[in-house]
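Novice: The structure's right below; bear with me while I get my questions together.
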Amino acid sequence: MADRSYPRPSSGEITPRSAWLSRRALLAGAAAGAATHLVSRAGAQTLSVRPGPFQAAERPTPLQDVTHYNNFYEFGLDKGDPAALSARFAARPWTLSVEGLVARPRVWDIDQLIAAMPLEERLYRMRCVEAWSMVIPWDGFPLASLLAQAEPLGSARYVAFESVVRPAQMPGQRNGLDSLAWPYVEGLRLDEAMHPLTLLAVGLYGEILPNQNGAPVRLVVPWKYGFKGIKSITRIRLVESRPPTTWNQMNAQEYGFFANVNPEVDHPRWSQASERIIGAGGFFGGGRKKTLMFNGYGEQVAGLYGGMDLRRNY
Amino acid sequence: MPYLSGTPRNRLLVPWWGERAALALLGLLPAILYFWYGAHDALGPDPVNVFERWLGLWAVRFLLAGLLVTPLRALTGLNLIRYRRMLGLLAFCYVCLHVGVYVGLDQQGNIGVLVQDLTRRPFLMIGFAAFMLMVPLAITSTDGAMRRLGRRWGRLHRLVYGVALLVAVHFLMAFKTYNVTSVTYAGLLMAMVVWRCQAAWRRWRRRAA
């Protein structure tokens with residue numbers, strides 16, 4: 001890992017937790033009809049976290065937007081569906097199994113896992129394949145820490161992730177027409193999975209992950225399009241060959257396995273050269289900016305793809 | 001007489017132009033409402049996208065409403081033909097707003113992207129073709145144009161079936177997966193085209209017999 005440079009933001013660049021909290025209070029107070037929101041968040045469990053590396057310089061997207069503008073097709077197609085329809089989803093008790101080509105497979109209880117892993121705050125840019133973006137303060141731990149405990153075998157080349165199937169609690173899994181194939185599955189090359197940027201998030205804004213954001217544990221790979229960030233993970237399997245991934249199976253022309261953010265490789269239906277900034281405020285908030293190669297994480301991750309044709313491996 | 005149908009004017013409570021003006025205003029209400037919301041940051045976290053899709057959806061709705069007039073008359077006897085041109089104009093109006101918001105607010109006038117859109121992206125090429133096909137229809141929707149074109153007016157306006165097909169495909173492509181909304185609207189649009197083809201086929205057979 002010595003070949004990678006870690007940007008260390010000065011302490012002044014990191015938004016202090018108290019500032020988030022006061023912003024959130026402001027937001028909740030300002031938004032009319034946000035009372036129910038306050039109530040629902042009041043029960044949220046605060047996590048004990050310390051600031052981690054790789055802090056983005058951008059202003060975090062307001063909590064209200066992070067939790068009410070979600071693609072989580074298990075709950076419905078509309079961006080508001082996950083927040084509106086996920087209240088009945090039971091994120092506890094939960095087990096996460098790490099298995100496959102590892103020396104020490106293990107089934108983790110989610111709360112034991114959270115207790116065992118030192119949690120870090122990571123303010124990451126999130127770029128959706130639909131050409132919009134957010135900046136989210138995640139709380140979690142590097143996937144590499146979990147994988148290291150499992151001791152991957154030499155034959156392991158990829159990591160396959162699997163999400164949950166619970167039609168009774170996830171209305172989007174009951175509708176045949178808008179359905180993807182369930183469970184949602186994702187995958188990373190082992191070196192991508194071991195990269196220090198790759199995070200398993202169990203919270204955001206200092207609190208336990210809300211259902212609509214992928215409770216209780218989700219993947220965050222900030223240099224890739226958001227759909228790589230599989231939510232509500234139940235199984236992590238180390239495998240020898242490239243695992244199938246949900247959107248790639250749905251439409252291979254539009255969604256590749258790598259799905260690295262790349263302003264030069266357009267989606268067949270739209271340009272990826274720029275992105276709408278979520279929560280910029282109204283029509284005239286000027287909410288659009290240029291998309292950066294690897295979502296601005298090129299310094300850390302470009303080396304993973306040396307010699308690869310990124311136009312073909314999109 | 002501005003009407004194509006034989007509804008006696010004296011049965012109406014308001015003069016014909018008043019009725020049309022009311023329909024036009026009513027029809028523009030969804031756009032006005034959402035514009036007001038959007039300008040006041042009340043359209044959620046991604047307001048431009050919401051507005052753009054809203055305008056597209058209403059264009060589809062008015063196009064469909066216009067296409068439903070004839071089958072409705074055949075099936076139920078309800079004759080709404082005096083509103084048909086206004087429905088078509090409303091559809092065109094929403095298409096103009098839809099394109100305007102995409103170009104102006106969403107892409108913020110970025111010519112490079114727009115050129116790529118029209119040369120590389122079938123989704124947008126199809127949508128744009130539908131828009132272009134609607135232009136001659138909108139221009140010739142006045143009483144004067146109808147009179148001048150005579151029988152050719154009807155033939156020209158059959159272009160609307162081409163528009164319906166293109167719009168159905170564009171609408172299906174606007175979603176990442178097939179879903180109830182997209183399949184329903186696209187299905188209805190295509191059903192209108194099929195219904196009309198069938199009617200034309202039957203007429204042709206009767207004439208041939």
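Each chain in the structure tokens gets a letter, A, B and so on, in the order shown; residues start at 1 in every chain, and ligands are counted from 1 in the order they appear.
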Sort by chain and increasing residue number a table of all residues of chain B within 8 Å of chain A, each with its closest pair of atoms and their distance in Å to one decimal, counting only C-alpha atoms, and write it as a Markdown table.

Specialist:
```
| residue | atom | partner | partner_atom | distance |
| --- | --- | --- | --- | --- |
| B:Gly38 | CA | A:Gly282 | CA | 5.3 |
| B:Ala39 | CA | A:Phe283 | CA | 5.5 |
| B:His40 | CA | A:Gly282 | CA | 6.0 |
| B:Asp41 | CA | A:Gly282 | CA | 3.8 |
| B:Ala42 | CA | A:Gly282 | CA | 7.0 |
| B:Leu43 | CA | A:Gly282 | CA | 7.2 |
| B:Gly44 | CA | A:Gly279 | CA | 7.7 |
| B:Pro45 | CA | A:Gly279 | CA | 4.5 |
| B:Asp46 | CA | A:Ile278 | CA | 5.6 |
| B:Pro47 | CA | A:Gly282 | CA | 6.0 |
| B:Val48 | CA | A:Phe283 | CA | 5.9 |
| B:Leu105 | CA | A:Phe283 | CA | 7.1 |
| B:Val113 | CA | A:Ser271 | CA | 6.9 |
| B:Asp117 | CA | A:Trp270 | CA | 7.3 |
| B:Arg120 | CA | A:Pro268 | CA | 7.9 |
| B:Arg121 | CA | A:Arg269 | CA | 5.5 |
| B:Pro122 | CA | A:Arg269 | CA | 7.2 |
| B:Phe123 | CA | A:Arg269 | CA | 5.8 |
| B:Leu124 | CA | A:Arg269 | CA | 7.2 |
| B:Thr177 | CA | A:Asp178 | CA | 6.0 |
| B:Tyr178 | CA | A:Asp178 | CA | 5.5 |
| B:Asn179 | CA | A:Asp178 | CA | 4.5 |
| B:Val180 | CA | A:Leu177 | CA | 6.8 |
```

Novice: How would you write, as a list in words, the set of residues in segment 211-304 of chain A that DSSP gives as strand (DSSP E)?

Specialist: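 Checking each residue of segment 211-304 of chain A, the strand (DSSP E) ones are Arg218, Leu219, Val220, Ile233, Thr234, Arg235, Ile236, Arg237, Leu238, Val239, Ser274, Glu275, Arg276, Ile277, Arg288, Lys289 and Lys290 of chain A.
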
Novice: Quick one: write out the picked residues with C-alpha atoms as a PDB file, in the first residue's frame?

Specialist:
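Dumped to selection13.pdb:
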```pdb
ATOM      1  CA  ARG A 218     -23.813  -1.200   2.128  1.00  0.00           C
ATOM      2  CA  LEU A 219     -20.883  -0.856  -0.193  1.00  0.00           C
ATOM      3  CA  VAL A 220     -19.440   2.543  -1.150  1.00  0.00           C
ATOM      4  CA  ILE A 233     -25.653  -6.831   1.923  1.00  0.00           C
ATOM      5  CA  THR A 234     -26.125 -10.361   3.223  1.00  0.00           C
ATOM      6  CA  ARG A 235     -23.279 -12.223   1.582  1.00  0.00           C
ATOM      7  CA  ILE A 236     -19.740 -11.445   0.495  1.00  0.00           C
ATOM      8  CA  ARG A 237     -18.095 -14.237  -1.441  1.00  0.00           C
ATOM      9  CA  LEU A 238     -14.543 -14.428  -2.723  1.00  0.00           C
ATOM     10  CA  VAL A 239     -14.455 -16.116  -6.083  1.00  0.00           C
ATOM     11  CA  SER A 274     -21.254  16.739 -16.437  1.00  0.00           C
ATOM     12  CA  GLU A 275     -23.624  16.141 -13.550  1.00  0.00           C
ATOM     13  CA  ARG A 276     -26.537  17.798 -11.785  1.00  0.00           C
ATOM     14  CA  ILE A 277     -25.759  18.669  -8.181  1.00  0.00           C
ATOM     15  CA  ARG A 288     -24.439  21.469 -12.706  1.00  0.00           C
ATOM     16  CA  LYS A 289     -20.706  20.772 -12.734  1.00  0.00           C
ATOM     17  CA  LYS A 290     -18.151  18.956 -14.846  1.00  0.00           C
TER      18      LYS A 290
END
```

Novice: What gap, in Å, lies between atom CA of Tyr184 of chain A and atom CA of Lys176 of chain B?

Specialist: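 One can read the atom CA of Tyr184 of chain A to atom CA of Lys176 of chain B distance as 15.2 Å.
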
Novice: Find the residues around segment 51-55 of chain A up to 6 Å (only C-alpha atoms counted), leave out those fewer than 6 positions away in its own chain, and share them as number ranges by chain.

Specialist: A: 7, 120-123

Novice: Would you save the residues from that selection as a short mmCIF file (atom, residue, chain, number, x, y, z; two decimals), in the first residue's frame, using C-alpha atoms?

Specialist:
```
data_model
loop_
_atom_site.label_atom_id
_atom_site.label_comp_id
_atom_site.auth_asym_id
_atom_site.auth_seq_id
_atom_site.Cartn_x
_atom_site.Cartn_y
_atom_site.Cartn_z
CA PRO A 7 -4.51 13.10 0.97
CA GLU A 120 -14.45 6.20 10.28
CA GLU A 121 -16.20 9.23 8.87
CA ARG A 122 -15.57 9.57 5.16
CA LEU A 123 -16.97 12.48 3.19
#
```

Novice: Write out as a list in words which residues come within 12 Å of Leu28 of chain B when counting only C-alpha atoms, dropping same-chain ones fewer than 2 positions away.

Specialist: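 Those residues are Ala21, Ala22, Leu23, Ala24, Leu25, Leu26, Pro30, Ala31, Ile32, Leu33, Tyr34, Phe35, Leu55, Trp58, Ala59, Phe62, Met86, Leu87, Leu89, Leu90, Ala91, Phe92, Cys93, Tyr94 and Leu97 of chain B.
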
Novice: Dump N, CA and C atoms for the selected residues as a short mmCIF file (atom, residue, chain, number, x, y, z; two decimals), in the first residue's frame?

Specialist:
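Heads up, here's the output in again_18.cif:
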```
data_model
loop_
_atom_site.label_atom_id
_atom_site.label_comp_id
_atom_site.auth_asym_id
_atom_site.auth_seq_id
_atom_site.Cartn_x
_atom_site.Cartn_y
_atom_site.Cartn_z
N ALA B 21 -60.29 28.85 -24.88
CA ALA B 21 -59.34 29.57 -24.02
C ALA B 21 -59.31 28.90 -22.65
N ALA B 22 -60.49 28.50 -22.17
CA ALA B 22 -60.55 27.85 -20.86
C ALA B 22 -59.78 26.54 -20.89
N LEU B 23 -59.96 25.76 -21.96
CA LEU B 23 -59.24 24.49 -22.09
C LEU B 23 -57.74 24.71 -22.13
N ALA B 24 -57.34 25.74 -22.89
CA ALA B 24 -55.91 26.03 -23.01
C ALA B 24 -55.32 26.39 -21.65
N LEU B 25 -56.04 27.23 -20.93
CA LEU B 25 -55.54 27.65 -19.61
C LEU B 25 -55.46 26.48 -18.65
N LEU B 26 -56.53 25.70 -18.66
CA LEU B 26 -56.58 24.52 -17.80
C LEU B 26 -55.44 23.57 -18.15
N PRO B 30 -50.71 22.49 -15.25
CA PRO B 30 -49.64 21.66 -14.70
C PRO B 30 -48.25 22.27 -14.92
N ALA B 31 -48.04 22.89 -16.07
CA ALA B 31 -46.74 23.50 -16.35
C ALA B 31 -46.53 24.73 -15.46
N ILE B 32 -47.57 25.55 -15.37
CA ILE B 32 -47.46 26.78 -14.58
C ILE B 32 -47.19 26.44 -13.11
N LEU B 33 -47.95 25.48 -12.62
CA LEU B 33 -47.82 25.06 -11.22
C LEU B 33 -46.40 24.58 -10.92
N TYR B 34 -45.90 23.69 -11.76
CA TYR B 34 -44.58 23.13 -11.51
C TYR B 34 -43.49 24.16 -11.73
N PHE B 35 -43.72 25.08 -12.66
CA PHE B 35 -42.72 26.13 -12.84
C PHE B 35 -42.61 26.96 -11.57
N LEU B 55 -43.08 17.67 -17.81
CA LEU B 55 -43.52 18.27 -19.08
C LEU B 55 -43.66 17.20 -20.16
N TRP B 58 -46.86 15.19 -19.56
CA TRP B 58 -48.08 15.90 -19.97
C TRP B 58 -48.19 16.03 -21.48
N ALA B 59 -47.06 16.11 -22.16
CA ALA B 59 -47.11 16.10 -23.63
C ALA B 59 -47.71 14.78 -24.09
N PHE B 62 -51.54 14.74 -23.43
CA PHE B 62 -52.37 15.51 -24.36
C PHE B 62 -52.37 14.88 -25.75
N MET B 86 -57.15 21.75 -30.07
CA MET B 86 -56.56 22.36 -28.87
C MET B 86 -55.74 21.33 -28.09
N LEU B 87 -56.22 20.09 -28.04
CA LEU B 87 -55.44 19.04 -27.35
C LEU B 87 -54.09 18.83 -28.04
N LEU B 89 -52.51 21.03 -29.86
CA LEU B 89 -51.67 22.21 -29.63
C LEU B 89 -51.08 22.20 -28.22
N LEU B 90 -51.87 21.73 -27.28
CA LEU B 90 -51.34 21.62 -25.91
C LEU B 90 -50.18 20.62 -25.86
N ALA B 91 -50.36 19.49 -26.57
CA ALA B 91 -49.28 18.50 -26.62
C ALA B 91 -48.03 19.15 -27.20
N PHE B 92 -48.20 19.90 -28.29
CA PHE B 92 -47.05 20.56 -28.93
C PHE B 92 -46.41 21.57 -27.98
N CYS B 93 -47.26 22.29 -27.29
CA CYS B 93 -46.78 23.29 -26.34
C CYS B 93 -45.91 22.63 -25.27
N TYR B 94 -46.39 21.50 -24.74
CA TYR B 94 -45.61 20.78 -23.72
C TYR B 94 -44.31 20.22 -24.29
N LEU B 97 -41.91 23.07 -24.37
CA LEU B 97 -41.41 23.37 -23.02
C LEU B 97 -40.41 22.29 -22.56
#
```

Novice: Let me make sure I understand: among A:Arg106, A:Ala115, A:Ser241, A:Gly172, which one has the smallest atom-to-atom distance to Tyr73 of chain A if we use only C-alpha atoms?

Specialist: A:Gly172

Novice: So that I can check the secondary structure, give me every residue of segment 125-248 of chain A assigned helix (DSSP H, G or I) by backbone DSSP, as a list in words.

Specialist: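 DSSP-assigned helix (DSSP H, G or I) residues in segment 125-248 of chain A: Leu143, Ala144, Ser145, Leu146, Leu147, Ala148, Gln149, Ala150, Pro171, Gly172, Gln173, Leu190, Asp191, Glu192, Ala193, Met194, Asn211, Gln212, Asn213, Gly226, Phe227, Lys228, Thr246, Trp247 and Asn248 of chain A.
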
Novice: Those same residues - C-alpha atoms - I'd like them written as a compact mmCIF listing (two decimals), in the first residue's frame.

Specialist:
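Once written, out_16.txt looks like this:
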```txt
# COMPACT_ATOMS: atom_id res chain seq x y z
CA LEU A 143 -13.89 -3.42 3.13
CA ALA A 144 -10.22 -4.46 3.17
CA SER A 145 -10.29 -4.76 6.98
CA LEU A 146 -13.13 -7.26 6.83
CA LEU A 147 -11.59 -9.21 3.96
CA ALA A 148 -8.21 -9.32 5.71
CA GLN A 149 -9.83 -11.02 8.72
CA ALA A 150 -11.22 -13.68 6.41
CA PRO A 171 -42.61 -3.76 -2.35
CA GLY A 172 -40.37 -3.35 -5.40
CA GLN A 173 -39.58 -7.07 -5.24
CA LEU A 190 -10.09 -8.18 -5.54
CA ASP A 191 -7.65 -5.26 -5.86
CA GLU A 192 -10.58 -2.83 -6.15
CA ALA A 193 -12.18 -4.42 -3.11
CA MET A 194 -8.94 -4.13 -1.11
CA ASN A 211 -33.33 1.81 5.70
CA GLN A 212 -33.64 3.76 2.45
CA ASN A 213 -29.88 4.14 2.18
CA GLY A 226 -23.52 4.64 -7.58
CA PHE A 227 -25.19 1.42 -8.70
CA LYS A 228 -22.00 -0.46 -7.77
CA THR A 246 -27.36 -6.87 -11.71
CA TRP A 247 -27.39 -3.83 -14.01
CA ASN A 248 -24.90 -5.39 -16.37
```

Novice: My list of candidates is B:Gly88, B:Pro71, B:Gly127, B:Gly100. Which is closest to Leu188 of chain B when distances are computed with only C-alpha atoms?

Specialist: B:Pro71

Novice: Tell me, in Å to one decimal, how far atom CA of Phe51 of chain B is from atom CA of Leu172 of chain B.

Specialist: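 Taking atom CA of Phe51 of chain B and atom CA of Leu172 of chain B, their separation equals 18.0 Å.
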
Novice: For a quick check of understanding, using only C-alpha atoms, which of B:Ile126, B:Ala186, B:Arg85, B:Leu114 has the smallest distance to Met146 of chain B?

Specialist: B:Arg85

Novice: Any idea what's packed within 8 Å of Val102 of chain A, counting only C-alpha atoms, ignoring anything in its chain fewer than 3 positions away? Could you give it as a ChimeraX atom specification?

Specialist: /A:99,105,150-153,156,238

Novice: So that I can check the surroundings of segment 128-130 of chain B, please list as a list in words every protein, DNA and RNA residue that reaches within 10 Å of it, counting only C-alpha atoms and ignoring chain neighbours fewer than 2 positions away.

Specialist: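 Everything that qualifies: Val95, Val99, Asp117, Leu118, Pro122, Phe123, Leu124, Met125, Ile126, Met132, Leu133, Met134, Val135, Leu159, Val160, Gly162, Val163, Ala164, Leu165, Leu166, Val167, Ala168 and His170 of chain B.
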
Novice: For C-alpha atoms, I'd like the residues from the last selection saved as a compact mmCIF listing (two decimals), in the first residue's frame.

Specialist:
```txt
# COMPACT_ATOMS: atom_id res chain seq x y z
CA VAL B 95 -43.12 19.29 -26.16
CA VAL B 99 -37.23 20.55 -25.13
CA ASP B 117 -27.43 14.13 -28.60
CA LEU B 118 -28.69 14.50 -32.15
CA PRO B 122 -31.10 7.23 -30.59
CA PHE B 123 -33.19 8.03 -27.49
CA LEU B 124 -32.89 11.75 -28.14
CA MET B 125 -32.91 11.49 -31.94
CA ILE B 126 -36.26 9.71 -31.78
CA MET B 132 -40.01 18.00 -35.75
CA LEU B 133 -42.96 16.03 -37.14
CA MET B 134 -45.27 17.98 -34.86
CA VAL B 135 -44.14 21.36 -36.19
CA LEU B 159 -48.40 12.39 -39.45
CA VAL B 160 -49.67 12.30 -35.91
CA GLY B 162 -45.87 8.67 -36.79
CA VAL B 163 -45.49 11.08 -33.90
CA ALA B 164 -47.38 8.66 -31.62
CA LEU B 165 -45.07 5.76 -32.50
CA LEU B 166 -41.91 7.82 -32.02
CA VAL B 167 -43.19 9.22 -28.74
CA ALA B 168 -44.08 5.74 -27.50
CA HIS B 170 -38.93 7.64 -26.66
```

Novice: Expressed in Å to a single decimal, how great is the separation between atom CA of Leu188 of chain A and atom CA of Ala174 of chain B?

Specialist: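 Distance reported for this atom pair: 28.4 Å.
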
Novice: Quick one: everything within 10 Å of segment 195-206 of chain B, counting only C-alpha atoms, minus sequence neighbours fewer than 5 positions away in the same chain. Send it as JSON, numbers by chain.

Specialist: {"B": [67, 70, 71, 158, 161, 190]}
